[in-house]
Amino acid sequence: MNRLITPDHPSSVSPPREHRSIAPKPGTGASVKDLLKRWIKKLPFFFEMDFVRRKIYDSPLFDFTVKPLAERLETWPRALVLDITNRCNAKCSWCPQPGLEDLGAMKMPLFHKIIDDYAVRGGAIRFGTFGEPLMDKTFAEKIRYLKKYPSITKVEVVTNAFFLNEKIAPVLLENNVDVEISLDELEKDTFEEIKKMDYDVVRANILNFLELNDRAADPVKVNFRVKSSLSREATMSHELYAKIVSHRCTVELTPIEEDSITTWAGRFDKEKFYEEHMHSSTIVKPHNNKQYNKASPAPCNQPWKWMVVYYDGRVVLCCVDMFSSSVLGNLQENSIAEVWNGPAFAGLRKKMVRRERFEVPLCQNCDLHLGWQNLKTYYDPQGRFLPSRKFIS
């Protein structure tokens with residue numbers, strides 16, 4: 001990256017993904033709530049106080065407030081994350097995916113088996129976490145297959161938008177598939193250096209899709225993840241950002257200077273990335289959420305939040321387990337219920353509840369860890385997905 005970060009405000013830290021604010025549209029004016037949040041975050045020692053708040057909230061003293069919900073979620077995965085392919089055309093500088101050697105795509109018979117099984121009780125389905133799902137040549141066919149099951153109440157896909165073209169866009173709109181777009185950088189040179197993709201293709205696909213969605217009789221939900229090397233203010237004043245937010249969508253803005261890069265459970269050296277690409281060693285601050293996530297022994301929300309399925313049917317521990325180092329079952333051989341209620345998941349959850357998280361190798365260096373109190377931001381006390389949540393991500 002050629003850009004040297006020169007923040008025009010003190011560096012801050014990024015809150016957990018589920019709590020990050022959605023940037024308001026330029027020109028529309030921020031709400032009173034948005035303005036209040038900004039004012040609070042500028043208070044002296046805000047992040048130190050927030051660090052203490054999370055520590056208290058994640059303590060065993062408050063386990064009773066989430067345990068009944070967790071027990072309900074143990075009966076069935078309310079969300080299924082299908083990594084139908086771990087291939088990816090992007091080679092992002094902060095992602096270890098290029099190191100994957102066991103590459104493939106989910107075969108249709110296995111997909112049918114999983115969906116037929118899941119539809120017995122149903123829930124939400126999310127496509128993509130380790131790879132680019134639109135690279136799967138049978139993606140459209142898989143999406144259409146879901147329509148036979150009313151019990152599958154929500155479908156969403158996360159994509160880098162390179163293949164979000166005129167062929168696939170109608171499939172998403174016609175089948176009510178909500179779309180999260182990992183856009184990240186906004187400027188062409190930085191984008192192409194960081195992501196190794198054609199900026200103009202992605203930009204055109206995004207703007208065309210947003211226009212189609214605006215005109216649709218039943219628009220889908222669209223959210224952008226923007227992890228930019230620009231400051232928050234510079235990003236929000238960028239011409240592409242202005243074009244995006246003029247459409248029906250939300251934006252999750254997490255500038256890199258606010259420590260938004262993850263280590264992928266120790267697989268990625270983000271400090272080295274900051275030094276080499278951001279020309280800064282002052283991004284990681286004490287009392288920030290990434291540091292807290294690595295240190296907190298609170299039960300992680302992942303073993304209750306959803307089931308993550310690799311392209312070959314292996315059920316892995318969580319959305320960080322890109323290299324499938326912790327396999328909890330295989331849907332080639334077993335049913336969803338057998339795996340979700342099986343000894344591997346049960347043992348993992350017991351470790352979490354006993355606050356033995358650091359006995360799980362994958363969890364020892366994870367800075368995406370969020371305590372199980374976070375489950376209440378997705379599900380109501382009966383284990384139903386909250387209508388206020390746009391995405392299960």
# chains A, B, ... in the order shown; residues from 1 in each chain; ligands from 1
$ residues_around --residues "region 316-329 of chain A" --least-positions-apart "4" --cutoff "7 Å" --atoms "only C-alpha atoms" --output "PyMOL selection string"
chain A and resi 100+129-130+264-265+302+308-310+339+344-345
$ select_by_dssp --residues "region 119-299 of chain A" --states "helix (DSSP H, G or I)" --output "PyMOL selection string"
chain A and resi 133-135+139-146+169-174+188-195+199-215+232-236+239-245+256-258+270-277+289-295
$ residues_around --residues "Phe163 (chain A)" --least-positions-apart "2" --cutoff "10 Å" --atoms "only C-alpha atoms" --output "PDB file with N, CA and C atoms, in the first residue's frame"
ATOM      1  N   ASN A  89     -11.088 -15.427  -5.438  1.00  0.00           N
ATOM      2  CA  ASN A  89     -10.340 -14.719  -6.469  1.00  0.00           C
ATOM      3  C   ASN A  89      -9.530 -13.558  -5.902  1.00  0.00           C
ATOM      4  N   GLU A 132     -15.072 -17.225  -1.673  1.00  0.00           N
ATOM      5  CA  GLU A 132     -16.008 -16.377  -2.405  1.00  0.00           C
ATOM      6  C   GLU A 132     -17.124 -17.266  -2.970  1.00  0.00           C
ATOM      7  N   PRO A 133     -18.301 -17.245  -2.364  1.00  0.00           N
ATOM      8  CA  PRO A 133     -19.372 -18.178  -2.764  1.00  0.00           C
ATOM      9  C   PRO A 133     -19.826 -18.030  -4.205  1.00  0.00           C
ATOM     10  N   LEU A 134     -19.710 -16.826  -4.790  1.00  0.00           N
ATOM     11  CA  LEU A 134     -20.162 -16.639  -6.164  1.00  0.00           C
ATOM     12  C   LEU A 134     -19.224 -17.301  -7.173  1.00  0.00           C
ATOM     13  N   MET A 135     -18.093 -17.836  -6.706  1.00  0.00           N
ATOM     14  CA  MET A 135     -17.211 -18.601  -7.589  1.00  0.00           C
ATOM     15  C   MET A 135     -17.731 -20.020  -7.810  1.00  0.00           C
ATOM     16  N   THR A 159     -19.993 -11.474  -0.120  1.00  0.00           N
ATOM     17  CA  THR A 159     -19.255 -11.528  -1.375  1.00  0.00           C
ATOM     18  C   THR A 159     -18.334 -10.323  -1.515  1.00  0.00           C
ATOM     19  N   ASN A 160     -17.289 -10.497  -2.347  1.00  0.00           N
ATOM     20  CA  ASN A 160     -16.422  -9.348  -2.653  1.00  0.00           C
ATOM     21  C   ASN A 160     -16.908  -8.578  -3.879  1.00  0.00           C
ATOM     22  N   ALA A 161     -18.019  -9.030  -4.473  1.00  0.00           N
ATOM     23  CA  ALA A 161     -18.736  -8.337  -5.552  1.00  0.00           C
ATOM     24  C   ALA A 161     -18.078  -8.456  -6.930  1.00  0.00           C
ATOM     25  N   ASN A 165     -22.482  -9.847 -11.043  1.00  0.00           N
ATOM     26  CA  ASN A 165     -22.727  -9.276 -12.365  1.00  0.00           C
ATOM     27  C   ASN A 165     -24.188  -9.389 -12.779  1.00  0.00           C
ATOM     28  N   GLU A 166     -24.445  -9.071 -14.051  1.00  0.00           N
ATOM     29  CA  GLU A 166     -25.828  -9.044 -14.538  1.00  0.00           C
ATOM     30  C   GLU A 166     -26.468 -10.425 -14.587  1.00  0.00           C
ATOM     31  N   LYS A 167     -25.659 -11.493 -14.510  1.00  0.00           N
ATOM     32  CA  LYS A 167     -26.215 -12.839 -14.504  1.00  0.00           C
ATOM     33  C   LYS A 167     -26.657 -13.260 -13.100  1.00  0.00           C
ATOM     34  N   ILE A 168     -25.854 -12.948 -12.098  1.00  0.00           N
ATOM     35  CA  ILE A 168     -26.159 -13.422 -10.748  1.00  0.00           C
ATOM     36  C   ILE A 168     -27.063 -12.467  -9.980  1.00  0.00           C
ATOM     37  N   ALA A 169     -27.022 -11.176 -10.291  1.00  0.00           N
ATOM     38  CA  ALA A 169     -27.834 -10.202  -9.550  1.00  0.00           C
ATOM     39  C   ALA A 169     -29.322 -10.537  -9.578  1.00  0.00           C
ATOM     40  N   VAL A 201     -14.243  -3.304 -12.220  1.00  0.00           N
ATOM     41  CA  VAL A 201     -15.265  -4.359 -12.306  1.00  0.00           C
ATOM     42  C   VAL A 201     -16.111  -4.370 -11.045  1.00  0.00           C
ATOM     43  N   VAL A 202     -15.451  -4.331  -9.898  1.00  0.00           N
ATOM     44  CA  VAL A 202     -16.168  -4.365  -8.620  1.00  0.00           C
ATOM     45  C   VAL A 202     -17.053  -3.131  -8.465  1.00  0.00           C
ATOM     46  N   ASN A 205     -20.095  -3.394 -10.778  1.00  0.00           N
ATOM     47  CA  ASN A 205     -21.033  -4.404 -10.284  1.00  0.00           C
ATOM     48  C   ASN A 205     -21.840  -3.885  -9.089  1.00  0.00           C
ATOM     49  N   ILE A 206     -21.154  -3.215  -8.172  1.00  0.00           N
ATOM     50  CA  ILE A 206     -21.817  -2.702  -6.974  1.00  0.00           C
ATOM     51  C   ILE A 206     -22.882  -1.671  -7.326  1.00  0.00           C
TER      52      ILE A 206
END
$ closest_residue --among "A:Lys243, A:Arg225, A:Lys196, A:Lys55" --to "Val158 (chain A)" --atoms "only C-alpha atoms"
A:Arg225
$ atom_distance --atom1 "CA of His112 (chain A)" --atom2 "CA of Ile84 (chain A)"
12.1 Å
$ residues_around --residues "Asn223 (chain A)" --least-positions-apart "5" --cutoff "10 Å" --atoms "only C-alpha atoms" --output "list of chain:residue names"
A:Ile22, A:Val158, A:Asp178, A:Val179, A:Glu180, A:Ile181, A:Ser182, A:Leu183, A:Arg248, A:Cys249, A:Thr250, A:Val251, A:Glu252, A:Lys390, A:Phe391
